[in-house]
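Working notes, structure below.
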Amino acid sequence: MSKIQIMDHPLIQHKINYIRREEVGSKEFREIVSEIASLMCYEASRDLKLQDVTIKTPICEMTGKELSGKKMAVVPILRAGLGMVDGILRMIPAAKVGHIGLYRDPDTFQPVEYYCKLPADCSEREVFVVDPMLATGGSSVAAIQMLKDKGVKNIRFLCIIAAPEGVERMKNEHPDVALYIGALDDHLNEHKYIVPGLGDAGDRIFGTR
């Protein structure tokens with residue numbers, strides 16, 4: 001059964017609503033997407049396990065807490081996913097970064113792979129797959145399957161905006177992957193864009209059309 005968390009934090013909701021506006025330019029859009037990714041990472045990492053560790057402060061020795069278990073990796077789905085990487089690395093600077101390149105065929109709307117480069121020990125890490133938009137779910141489903149085929153077992157998926165169609169597909173095809181969603185929108189239009197959405201996230205991050 002998929003774990004699905006829709007972010008209800010006021011800062012996340014405020015920032016998502018702001019970048020939906022068509023007049024927001026690429027520089028500001030890019031900066032706020034990174035901020036949203038940091039806030040989402042904070043929420044998505046809430047259940048990471050801790051272990052006791054003994055340290056010495058300037059005053060005395062004490063037992064504190066630090067992350068235990070698996071190390072982490074961030075894997076953006078190119079190209080729009082790149083906009084979320086720096087925000088997550090600000091929270092988890094030791095995480096390694098992999099990349100998966102997929103594009104959506106304009107006729108079939110199916111994902112086509114063109115690039116995959118992952119950390120050598122990716123199968124031993126807790127992997128955060130990131131993409132600002134979860135529309136049809138085709139790219140995210142394919143990317144996660146690529147990771148599973150390479151032995152990755154611990155996967156979380158973070159997106160800023162999702163359509164119900166994409167969420168349903170992820171639930172059906174990868175029920176073991178936890179989904180962290182900034183905002184769940186209404187539906188997909190005939191061009192498979194999320195409504196109301198925010199347009200093409202990649203174009204708005206990189207200033208392309």
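Chain lettering (A, B, ...) mirrors the order of the structure tokens, residue numbering begins at 1 for each chain separately, and ligand numbering begins at 1 in order of display.
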
Task: DSSP-assigned alpha helix (DSSP H) members of stretch 60-167 of chain A, reported as a ChimeraX atom specification - done: /A:82-91,138-149,164-167

Export C-alpha atoms of the chosen residues as a PDB file, in the first residue's frame?
ATOM      1  CA  LEU A  82      17.378  19.427 -11.579  1.00  0.00           C
ATOM      2  CA  GLY A  83      15.524  22.419 -10.159  1.00  0.00           C
ATOM      3  CA  MET A  84      14.881  20.528  -6.908  1.00  0.00           C
ATOM      4  CA  VAL A  85      18.365  19.097  -6.306  1.00  0.00           C
ATOM      5  CA  ASP A  86      20.111  22.071  -4.669  1.00  0.00           C
ATOM      6  CA  GLY A  87      17.247  22.561  -2.238  1.00  0.00           C
ATOM      7  CA  ILE A  88      17.549  18.966  -1.042  1.00  0.00           C
ATOM      8  CA  LEU A  89      21.339  19.111  -0.871  1.00  0.00           C
ATOM      9  CA  ARG A  90      21.061  22.137   1.400  1.00  0.00           C
ATOM     10  CA  MET A  91      19.250  19.859   3.846  1.00  0.00           C
ATOM     11  CA  GLY A 138       4.858   7.723 -17.218  1.00  0.00           C
ATOM     12  CA  SER A 139       8.288   9.242 -16.554  1.00  0.00           C
ATOM     13  CA  SER A 140       8.252   8.674 -12.807  1.00  0.00           C
ATOM     14  CA  VAL A 141       7.066   5.068 -13.162  1.00  0.00           C
ATOM     15  CA  ALA A 142       9.797   4.396 -15.740  1.00  0.00           C
ATOM     16  CA  ALA A 143      12.507   6.109 -13.673  1.00  0.00           C
ATOM     17  CA  ILE A 144      11.624   4.156 -10.548  1.00  0.00           C
ATOM     18  CA  GLN A 145      11.597   0.908 -12.517  1.00  0.00           C
ATOM     19  CA  MET A 146      15.093   1.739 -13.798  1.00  0.00           C
ATOM     20  CA  LEU A 147      16.247   2.152 -10.202  1.00  0.00           C
ATOM     21  CA  LYS A 148      14.629  -1.092  -9.109  1.00  0.00           C
ATOM     22  CA  ASP A 149      16.258  -2.911 -12.028  1.00  0.00           C
ATOM     23  CA  PRO A 164      -4.790  12.328  -9.740  1.00  0.00           C
ATOM     24  CA  GLU A 165      -4.063  10.254 -12.872  1.00  0.00           C
ATOM     25  CA  GLY A 166      -0.338  10.180 -12.118  1.00  0.00           C
ATOM     26  CA  VAL A 167      -0.846   9.385  -8.451  1.00  0.00           C
TER      27      VAL A 167
END

Task: d(atom CA of A:Tyr193, atom CA of A:Ala163) in Å - done: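 Here the two named atoms are 8.8 Å from each other.
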
Open item on the list: So that I can check the surroundings of A:Glu43, please list as a list of chain:residue names every protein, DNA and RNA residue that reaches within 12 Å of it, counting only C-alpha atoms and ignoring chain neighbours fewer than 4 positions away.
Closed with: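 My list of contacting residues is A:Gln5, A:Ile6, A:Met7, A:Asp8, A:His9, A:Leu11, A:Ile12, A:Ile36, A:Ala37, A:Ser38, A:Leu39, A:Asp47, A:Leu48, A:Ile88, A:Met91, A:Arg156, A:Leu158, A:Leu179, A:Tyr180, A:Ile181, A:Gly182.
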
Please, could you write that set of residues out with C-alpha atoms as a PDB file, in the first residue's frame?
ATOM      1  CA  GLN A   5       1.524  12.513   1.858  1.00  0.00           C
ATOM      2  CA  ILE A   6       0.047  15.750   0.546  1.00  0.00           C
ATOM      3  CA  MET A   7       2.043  18.583   2.087  1.00  0.00           C
ATOM      4  CA  ASP A   8      -0.135  20.877   4.181  1.00  0.00           C
ATOM      5  CA  HIS A   9       2.630  23.059   5.595  1.00  0.00           C
ATOM      6  CA  LEU A  11       5.019  27.761   3.739  1.00  0.00           C
ATOM      7  CA  ILE A  12       4.911  25.026   1.105  1.00  0.00           C
ATOM      8  CA  ILE A  36       9.994  24.247  -1.856  1.00  0.00           C
ATOM      9  CA  ALA A  37      12.280  21.231  -2.374  1.00  0.00           C
ATOM     10  CA  SER A  38      14.096  22.022   0.903  1.00  0.00           C
ATOM     11  CA  LEU A  39      10.820  22.241   2.807  1.00  0.00           C
ATOM     12  CA  ASP A  47      10.820   9.116   9.631  1.00  0.00           C
ATOM     13  CA  LEU A  48      14.523   8.532   8.950  1.00  0.00           C
ATOM     14  CA  ILE A  88      17.549  18.966  -1.042  1.00  0.00           C
ATOM     15  CA  MET A  91      19.250  19.859   3.846  1.00  0.00           C
ATOM     16  CA  ARG A 156      10.815   7.991  -2.057  1.00  0.00           C
ATOM     17  CA  LEU A 158       8.944  13.941  -4.288  1.00  0.00           C
ATOM     18  CA  LEU A 179       4.869   9.678  -2.501  1.00  0.00           C
ATOM     19  CA  TYR A 180       5.397  13.194  -1.150  1.00  0.00           C
ATOM     20  CA  ILE A 181       3.276  15.731  -3.016  1.00  0.00           C
ATOM     21  CA  GLY A 182       3.251  19.503  -2.595  1.00  0.00           C
TER      22      GLY A 182
END

Open item on the list: To test your reading of the structure, identify every residue in chain A that backbone DSSP assigns to strand (DSSP E or B), and report it as an MDAnalysis selection string.
Closed with: chainID A and resid 4:6 50:56 61:67 72:78 96:97 99:104 111:117 126:130 133:134 154:162 178:184 187:188 194:195

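Here the question is which of A:His99, A:Lys150, A:Arg104, A:Arg204 gets nearest to A:Val129 using only C-alpha atoms, and that residue is A:His99.
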
Task: A:Ile100 environment, 7 Å, only C-alpha atoms, sequence neighbours closer than 5 positions dropped, as JSON, numbers by chain - done: {"A": [75, 76, 77, 78, 115, 116, 117, 143]}

Limited to N, CA, C and O atoms, could you put the picked residues into a file as a short mmCIF file (atom, residue, chain, number, x, y, z; two decimals), in the first residue's frame?
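Dumped to out37.cif:
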data_model
loop_
_atom_site.label_atom_id
_atom_site.label_comp_id
_atom_site.auth_asym_id
_atom_site.auth_seq_id
_atom_site.Cartn_x
_atom_site.Cartn_y
_atom_site.Cartn_z
N VAL A 75 18.01 11.63 -6.91
CA VAL A 75 18.01 11.32 -8.34
C VAL A 75 16.93 12.15 -9.03
O VAL A 75 15.74 11.81 -8.96
N PRO A 76 17.32 13.26 -9.68
CA PRO A 76 16.34 14.03 -10.43
C PRO A 76 16.03 13.38 -11.77
O PRO A 76 16.90 12.76 -12.39
N ILE A 77 14.76 13.50 -12.18
CA ILE A 77 14.39 13.11 -13.54
C ILE A 77 14.63 14.34 -14.42
O ILE A 77 14.02 15.39 -14.20
N LEU A 78 15.56 14.21 -15.36
CA LEU A 78 15.93 15.35 -16.21
C LEU A 78 14.77 15.72 -17.12
O LEU A 78 14.00 14.87 -17.54
N TYR A 115 19.24 8.77 -20.82
CA TYR A 115 20.42 8.90 -19.96
C TYR A 115 20.14 8.29 -18.60
O TYR A 115 19.03 8.44 -18.05
N CYS A 116 21.14 7.62 -18.03
CA CYS A 116 21.04 7.11 -16.67
C CYS A 116 22.44 6.98 -16.08
O CYS A 116 23.26 6.22 -16.59
N LYS A 117 22.72 7.75 -15.03
CA LYS A 117 24.01 7.68 -14.34
C LYS A 117 23.75 7.78 -12.85
O LYS A 117 23.21 8.78 -12.36
N ALA A 143 11.28 5.81 -14.41
CA ALA A 143 12.51 6.11 -13.67
C ALA A 143 12.65 5.20 -12.45
O ALA A 143 13.73 4.67 -12.18
#
